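Engineer: If it helps, the file is called data03.cif and holds mmCIF, C-alpha atoms, pLDDT in the B column; chains and numbers go by the auth columns:
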data_query
#
loop_
_atom_site.group_PDB
_atom_site.id
_atom_site.type_symbol
_atom_site.label_atom_id
_atom_site.label_comp_id
_atom_site.label_asym_id
_atom_site.label_seq_id
_atom_site.Cartn_x
_atom_site.Cartn_y
_atom_site.Cartn_z
_atom_site.B_iso_or_equiv
_atom_site.auth_seq_id
_atom_site.auth_asym_id
ATOM 1 C CA MET A 1 -1.567 1.672 -19.323 71.00 5 A
ATOM 2 C CA THR A 2 -3.677 -0.978 -20.993 75.00 6 A
ATOM 3 C CA ASP A 3 -1.900 -0.431 -24.322 76.00 7 A
ATOM 4 C CA ILE A 4 1.703 0.231 -23.285 77.00 8 A
ATOM 5 C CA GLY A 5 1.639 -1.786 -20.060 82.00 9 A
ATOM 6 C CA LYS A 6 -0.251 -4.703 -21.612 87.00 10 A
ATOM 7 C CA ILE A 7 -1.771 -5.448 -18.193 90.00 11 A
ATOM 8 C CA LYS A 8 -3.325 -8.832 -17.465 93.00 12 A
ATOM 9 C CA ALA A 9 -5.427 -10.001 -14.528 96.00 13 A
ATOM 10 C CA GLY A 10 -3.318 -11.570 -11.792 97.00 14 A
ATOM 11 C CA GLU A 11 -0.229 -9.475 -12.488 97.00 15 A
ATOM 12 C CA THR A 12 1.373 -7.056 -10.035 97.00 16 A
ATOM 13 C CA LEU A 13 1.207 -3.339 -10.793 97.00 17 A
ATOM 14 C CA PHE A 14 3.334 -0.786 -8.914 97.00 18 A
ATOM 15 C CA VAL A 15 2.296 2.877 -9.185 97.00 19 A
ATOM 16 C CA SER A 16 4.394 5.847 -8.026 96.00 20 A
ATOM 17 C CA GLY A 17 2.663 9.144 -7.296 95.00 21 A
ATOM 18 C CA ALA A 18 -0.320 6.925 -6.554 96.00 22 A
ATOM 19 C CA ALA A 19 -2.333 9.492 -4.582 96.00 23 A
ATOM 20 C CA GLY A 20 -2.240 12.095 -7.350 94.00 24 A
ATOM 21 C CA ALA A 21 -4.764 12.547 -10.141 91.00 25 A
ATOM 22 C CA VAL A 22 -3.076 10.237 -12.659 91.00 26 A
ATOM 23 C CA GLY A 23 -1.779 7.759 -10.085 94.00 27 A
ATOM 24 C CA SER A 24 -5.112 7.295 -8.346 95.00 28 A
ATOM 25 C CA VAL A 25 -6.888 6.600 -11.644 94.00 29 A
ATOM 26 C CA THR A 26 -4.108 4.160 -12.558 95.00 30 A
ATOM 27 C CA CYS A 27 -4.613 2.324 -9.248 97.00 31 A
ATOM 28 C CA GLN A 28 -8.355 2.091 -9.861 96.00 32 A
ATOM 29 C CA ILE A 29 -7.879 0.770 -13.393 94.00 33 A
ATOM 30 C CA GLY A 30 -5.461 -1.819 -12.026 96.00 34 A
ATOM 31 C CA LYS A 31 -7.999 -3.031 -9.455 97.00 35 A
ATOM 32 C CA ILE A 32 -10.825 -3.086 -12.024 95.00 36 A
ATOM 33 C CA MET A 33 -8.641 -5.144 -14.366 95.00 37 A
ATOM 34 C CA GLY A 34 -7.826 -7.691 -11.626 97.00 38 A
ATOM 35 C CA LEU A 35 -4.235 -6.777 -10.799 97.00 39 A
ATOM 36 C CA LYS A 36 -2.492 -6.732 -7.424 98.00 40 A
ATOM 37 C CA VAL A 37 -1.863 -3.005 -6.938 98.00 41 A
ATOM 38 C CA VAL A 38 1.091 -1.670 -4.953 98.00 42 A
ATOM 39 C CA ALA A 39 0.763 2.091 -4.492 98.00 43 A
ATOM 40 C CA ILE A 40 3.632 4.431 -3.595 98.00 44 A
ATOM 41 C CA ALA A 41 2.825 7.838 -2.057 97.00 45 A
ATOM 42 C CA GLY A 42 4.505 10.448 0.140 96.00 46 A
ATOM 43 C CA SER A 43 2.610 10.492 3.442 97.00 47 A
ATOM 44 C CA ASP A 44 0.884 8.200 5.909 97.00 48 A
ATOM 45 C CA ASP A 45 -2.423 9.990 5.243 98.00 49 A
ATOM 46 C CA LYS A 46 -2.140 9.265 1.529 98.00 50 A
ATOM 47 C CA VAL A 47 -1.223 5.641 2.223 98.00 51 A
ATOM 48 C CA GLU A 48 -4.335 5.231 4.394 98.00 52 A
ATOM 49 C CA TRP A 49 -6.524 6.894 1.744 98.00 53 A
ATOM 50 C CA LEU A 50 -5.161 4.578 -0.949 98.00 54 A
ATOM 51 C CA LYS A 51 -5.925 1.521 1.180 98.00 55 A
ATOM 52 C CA LYS A 52 -9.348 2.545 2.499 97.00 56 A
ATOM 53 C CA GLU A 53 -10.823 4.497 -0.406 96.00 57 A
ATOM 54 C CA LEU A 54 -9.217 2.899 -3.451 97.00 58 A
ATOM 55 C CA GLY A 55 -8.703 -0.596 -2.056 97.00 59 A
ATOM 56 C CA VAL A 56 -5.104 -1.035 -3.187 98.00 60 A
ATOM 57 C CA ASP A 57 -3.469 -4.232 -1.976 98.00 61 A
ATOM 58 C CA VAL A 58 -0.326 -2.567 -0.604 98.00 62 A
ATOM 59 C CA ALA A 59 0.434 1.118 -0.031 98.00 63 A
ATOM 60 C CA ILE A 60 3.915 2.356 0.846 98.00 64 A
ATOM 61 C CA ASN A 61 5.089 5.748 2.091 98.00 65 A
ATOM 62 C CA TYR A 62 8.314 6.620 0.256 97.00 66 A
ATOM 63 C CA ASN A 63 9.369 8.754 3.242 97.00 67 A
ATOM 64 C CA ALA A 64 9.299 5.758 5.602 98.00 68 A
ATOM 65 C CA PRO A 65 12.741 4.743 6.895 98.00 69 A
ATOM 66 C CA ASP A 66 12.157 1.189 5.658 98.00 70 A
ATOM 67 C CA PHE A 67 10.746 2.196 2.253 98.00 71 A
ATOM 68 C CA ARG A 68 13.170 0.044 0.241 97.00 72 A
ATOM 69 C CA GLN A 69 12.484 -2.990 2.418 97.00 73 A
ATOM 70 C CA GLN A 70 8.725 -2.510 2.002 98.00 74 A
ATOM 71 C CA VAL A 71 9.099 -2.344 -1.775 98.00 75 A
ATOM 72 C CA ILE A 72 11.187 -5.518 -1.749 97.00 76 A
ATOM 73 C CA ALA A 73 8.622 -7.259 0.489 98.00 77 A
ATOM 74 C CA ALA A 74 5.837 -6.345 -1.976 98.00 78 A
ATOM 75 C CA GLY A 75 7.471 -8.514 -4.642 97.00 79 A
ATOM 76 C CA PHE A 76 8.358 -7.921 -8.259 96.00 80 A
ATOM 77 C CA ALA A 77 6.450 -5.675 -10.665 95.00 81 A
ATOM 78 C CA ASP A 78 5.019 -7.066 -13.868 94.00 82 A
ATOM 79 C CA VAL A 79 4.065 -3.484 -14.710 94.00 83 A
ATOM 80 C CA TYR A 80 5.448 -0.293 -13.192 93.00 84 A
ATOM 81 C CA PHE A 81 3.562 2.951 -13.877 93.00 85 A
ATOM 82 C CA ASP A 82 6.055 5.730 -13.168 91.00 86 A
ATOM 83 C CA ASN A 83 4.868 9.247 -12.364 89.00 87 A
ATOM 84 C CA VAL A 84 7.995 10.555 -10.622 87.00 88 A
ATOM 85 C CA GLY A 85 11.272 9.296 -12.133 83.00 89 A
ATOM 86 C CA GLY A 86 14.443 9.713 -10.073 83.00 90 A
ATOM 87 C CA ASP A 87 15.333 7.448 -7.167 89.00 91 A
ATOM 88 C CA ILE A 88 12.003 5.619 -7.146 92.00 92 A
ATOM 89 C CA LEU A 89 12.349 4.755 -10.835 88.00 93 A
ATOM 90 C CA ASN A 90 15.907 3.565 -10.203 88.00 94 A
ATOM 91 C CA LEU A 91 14.714 1.348 -7.341 92.00 95 A
ATOM 92 C CA MET A 92 11.805 -0.040 -9.333 93.00 96 A
ATOM 93 C CA MET A 93 14.076 -1.015 -12.215 90.00 97 A
ATOM 94 C CA THR A 94 15.691 -3.467 -9.786 90.00 98 A
ATOM 95 C CA ARG A 95 12.249 -4.839 -8.818 92.00 99 A
ATOM 96 C CA MET A 96 10.943 -5.675 -12.282 91.00 100 A
ATOM 97 C CA ALA A 97 9.804 -9.198 -13.091 91.00 101 A
ATOM 98 C CA MET A 98 11.320 -10.827 -16.149 89.00 102 A
ATOM 99 C CA LYS A 99 9.688 -9.314 -19.248 86.00 103 A
ATOM 100 C CA GLY A 100 8.199 -6.561 -17.055 88.00 104 A
ATOM 101 C CA ARG A 101 6.785 -3.411 -18.619 88.00 105 A
ATOM 102 C CA VAL A 102 7.429 0.182 -17.513 87.00 106 A
ATOM 103 C CA VAL A 103 5.048 2.985 -18.430 87.00 107 A
ATOM 104 C CA LEU A 104 6.686 6.411 -18.095 83.00 108 A
ATOM 105 C CA CYS A 105 4.286 9.275 -17.533 81.00 109 A
ATOM 106 C CA GLY A 106 5.549 12.846 -17.711 64.00 110 A
ATOM 107 C CA VAL A 107 9.187 12.275 -16.765 56.00 111 A
ATOM 108 C CA PHE A 108 10.979 12.375 -20.124 48.00 112 A
ATOM 109 C CA PRO A 109 13.261 15.355 -19.343 44.00 113 A
ATOM 110 C CA PHE A 110 14.259 13.761 -16.042 47.00 114 A
ATOM 111 C CA LEU A 111 15.103 10.217 -17.062 50.00 115 A
ATOM 112 C CA PRO A 112 18.027 8.915 -15.026 49.00 116 A
ATOM 113 C CA THR A 113 21.062 7.250 -16.482 51.00 117 A
ATOM 114 C CA GLY A 114 21.534 4.369 -14.059 51.00 118 A
ATOM 115 C CA PRO A 115 23.235 1.078 -14.880 47.00 119 A
ATOM 116 C CA TRP A 116 19.844 -0.486 -15.626 45.00 120 A
ATOM 117 C CA CYS A 117 19.552 1.599 -18.807 45.00 121 A
ATOM 118 C CA SER A 118 21.407 -1.097 -20.717 41.00 122 A
ATOM 119 C CA LEU A 119 18.861 -3.770 -19.748 42.00 123 A
ATOM 120 C CA THR A 120 16.893 -5.067 -22.686 38.00 124 A
ATOM 121 C CA GLN A 121 14.550 -7.580 -21.029 44.00 125 A
ATOM 122 C CA HIS A 122 11.990 -4.921 -20.070 48.00 126 A
ATOM 123 C CA ARG A 123 9.603 -2.922 -22.218 50.00 127 A
ATOM 124 C CA ILE A 124 9.988 0.784 -21.372 51.00 128 A
ATOM 125 C CA LYS A 125 7.775 3.266 -23.147 48.00 129 A
ATOM 126 C CA GLY A 126 6.373 6.709 -22.463 48.00 130 A
ATOM 127 C CA ALA A 127 2.756 7.689 -22.272 45.00 131 A
ATOM 128 C CA ILE A 128 1.621 10.941 -23.833 41.00 132 A
ATOM 129 C CA SER A 129 -1.685 12.321 -22.621 41.00 133 A
ATOM 130 C CA ASP A 130 -3.444 11.509 -25.873 42.00 134 A
ATOM 131 C CA TYR A 131 -5.644 8.471 -25.984 42.00 135 A
ATOM 132 C CA SER A 132 -8.093 7.278 -28.545 43.00 136 A
ATOM 133 C CA MET A 133 -11.874 7.586 -28.505 45.00 137 A
ATOM 134 C CA TRP A 134 -11.968 3.804 -28.054 45.00 138 A
ATOM 135 C CA GLU A 135 -9.930 4.068 -24.837 51.00 139 A
ATOM 136 C CA ARG A 136 -11.995 7.050 -23.645 50.00 140 A
ATOM 137 C CA ASN A 137 -15.219 5.058 -24.102 56.00 141 A
ATOM 138 C CA ARG A 138 -13.712 2.025 -22.392 56.00 142 A
ATOM 139 C CA VAL A 139 -12.681 4.056 -19.333 55.00 143 A
ATOM 140 C CA SER A 140 -16.075 5.775 -19.136 57.00 144 A
ATOM 141 C CA SER A 141 -17.728 2.345 -18.847 61.00 145 A
ATOM 142 C CA TRP A 142 -15.787 1.755 -15.604 59.00 146 A
ATOM 143 C CA THR A 143 -17.266 4.728 -13.775 55.00 147 A
ATOM 144 C CA ARG A 144 -20.052 4.331 -11.261 51.00 148 A
ATOM 145 C CA ASN A 145 -23.481 5.788 -11.903 45.00 149 A
#
Would you mind writing the file out in structure tokens?

Structural biologist:
Amino acid sequence: MTDIGKIKAGETLFVSGAAGAVGSVTCQIGKIMGLKVVAIAGSDDKVEWLKKELGVDVAINYNAPDFRQQVIAAGFADVYFDNVGGDILNLMMTRMAMKGRVVLCGVFPFLPTGPWCSLTQHRIKGAISDYSMWERNRVSSWTRN
């Protein structure tokens, strides 16, 4: 996320699948790096956990009847970390800030073919679960003793 997403303090990061293993670490990295974190998960219990335990700024249940309105109210994403693809990815492509960056994680076979695919103002790149020793050491310095 730090390499592909090029995150900067003060930006807004949206994370789908935010209560899962990858998503929850992504949320924590975002908070550590000084971003506003908007987490998307699939239940009210997960939303509460994300707010109370991880300290995300906004958490949204994608099963809520007003999900789309809540996403719109949260603003535009400078960086979107996608763990799920599909309808949520399609929605988030309409919520990207100018020059926004999208990090795709594990959804390559399921990429949609919506009208946004022709957009060129966003950086869209996949993340393979292979990161350098430098990144591994950097992340380990963020953990609590």

Engineer: Using all atoms listed in the file, can you tell me which of A:Val106, A:Ile76, A:Met5, A:Val88 comes closest to Val29 of chain A?

Structural biologist: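 So, comparing all the options, the nearest one is A:Met5.
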
Engineer: Between atom CA of Asp86 of chain A and atom CA of Gly21 of chain A, what is the distance in Å, rounded to a tenth?

Structural biologist: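 Atom CA of Gly21 of chain A lies 7.6 Å from atom CA of Asp86 of chain A.
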
Engineer: Counting all atoms listed in the file, I want the residues whose atoms come within 7 Å of (9.0, -7.1, -13.5) in the file frame, returned as a ChimeraX atom specification.

Structural biologist: /A:80-83,99-105

Engineer: With C-alpha atoms retained, could you export that selection as a PDB file, keeping the file's coordinate frame?

Structural biologist:
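What ended up in part.pdb:
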ATOM      1  CA  PHE A  80       8.358  -7.921  -8.259  1.00 96.00           C
ATOM      2  CA  ALA A  81       6.450  -5.675 -10.665  1.00 95.00           C
ATOM      3  CA  ASP A  82       5.019  -7.066 -13.868  1.00 94.00           C
ATOM      4  CA  VAL A  83       4.065  -3.484 -14.710  1.00 94.00           C
ATOM      5  CA  ARG A  99      12.249  -4.839  -8.818  1.00 92.00           C
ATOM      6  CA  MET A 100      10.943  -5.675 -12.282  1.00 91.00           C
ATOM      7  CA  ALA A 101       9.804  -9.198 -13.091  1.00 91.00           C
ATOM      8  CA  MET A 102      11.320 -10.827 -16.149  1.00 89.00           C
ATOM      9  CA  LYS A 103       9.688  -9.314 -19.248  1.00 86.00           C
ATOM     10  CA  GLY A 104       8.199  -6.561 -17.055  1.00 88.00           C
ATOM     11  CA  ARG A 105       6.785  -3.411 -18.619  1.00 88.00           C
TER      12      ARG A 105
END

Engineer: Rank nothing, just name the residue among A:Ile64, A:Ser47, A:Leu108, A:Gly34 nearest to Phe85 of chain A, using only C-alpha atoms.

Structural biologist: A:Leu108

Engineer: Could you state which residues are captured by the PyMOL selection byres ((chain A and resi 13) around 10) in this file, as a ChimeraX atom specification?

Structural biologist: /A:11-12,14-16,34-40

Engineer: A:Val19, A:Gly24, A:Gln32, A:Leu95: which is nearest Glu57 of chain A, counting only C-alpha atoms?

Structural biologist: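 Ranking A:Val19, A:Gly24, A:Gln32, A:Leu95 by distance to Glu57 of chain A, first place goes to A:Gln32.
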
Engineer: Report, in Å to a single decimal, how far apart atom CA of Ser20 of chain A and atom CA of Ala45 of chain A are.

Structural biologist: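 Separating atom CA of Ala45 of chain A from atom CA of Ser20 of chain A is a distance of 6.5 Å.
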
Engineer: For the atom pair atom CA of Asn94 of chain A and atom CA of Ile33 of chain A, what is the interatomic distance in Å to one decimal place?

Structural biologist: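 Going from atom CA of Asn94 of chain A over to atom CA of Ile33 of chain A covers 24.2 Å.
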
Engineer: Which one of A:Ala23, A:Asp70, A:Gly9, A:Gly89 sits closest to Glu52 of chain A if you count all atoms listed in the file?

Structural biologist: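 For Glu52 of chain A, the nearest of the candidates is A:Ala23.
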
Engineer: Can you work out which one of A:Val42, A:Leu54, A:Leu17, A:Val26 has the shortest atom-to-atom distance to Val75 of chain A, counting all atoms listed in the file?

Structural biologist: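 Of A:Val42, A:Leu54, A:Leu17, A:Val26, the one nearest Val75 of chain A is A:Val42, counting all atoms listed in the file.
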
Engineer: From the list A:Val51, A:Ala78, A:Ile44, A:Ile8, which residue is nearest Ile92 of chain A when using all atoms listed in the file?

Structural biologist: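 Going through A:Val51, A:Ala78, A:Ile44, A:Ile8 one by one, the smallest distance to Ile92 of chain A is for A:Ile44.
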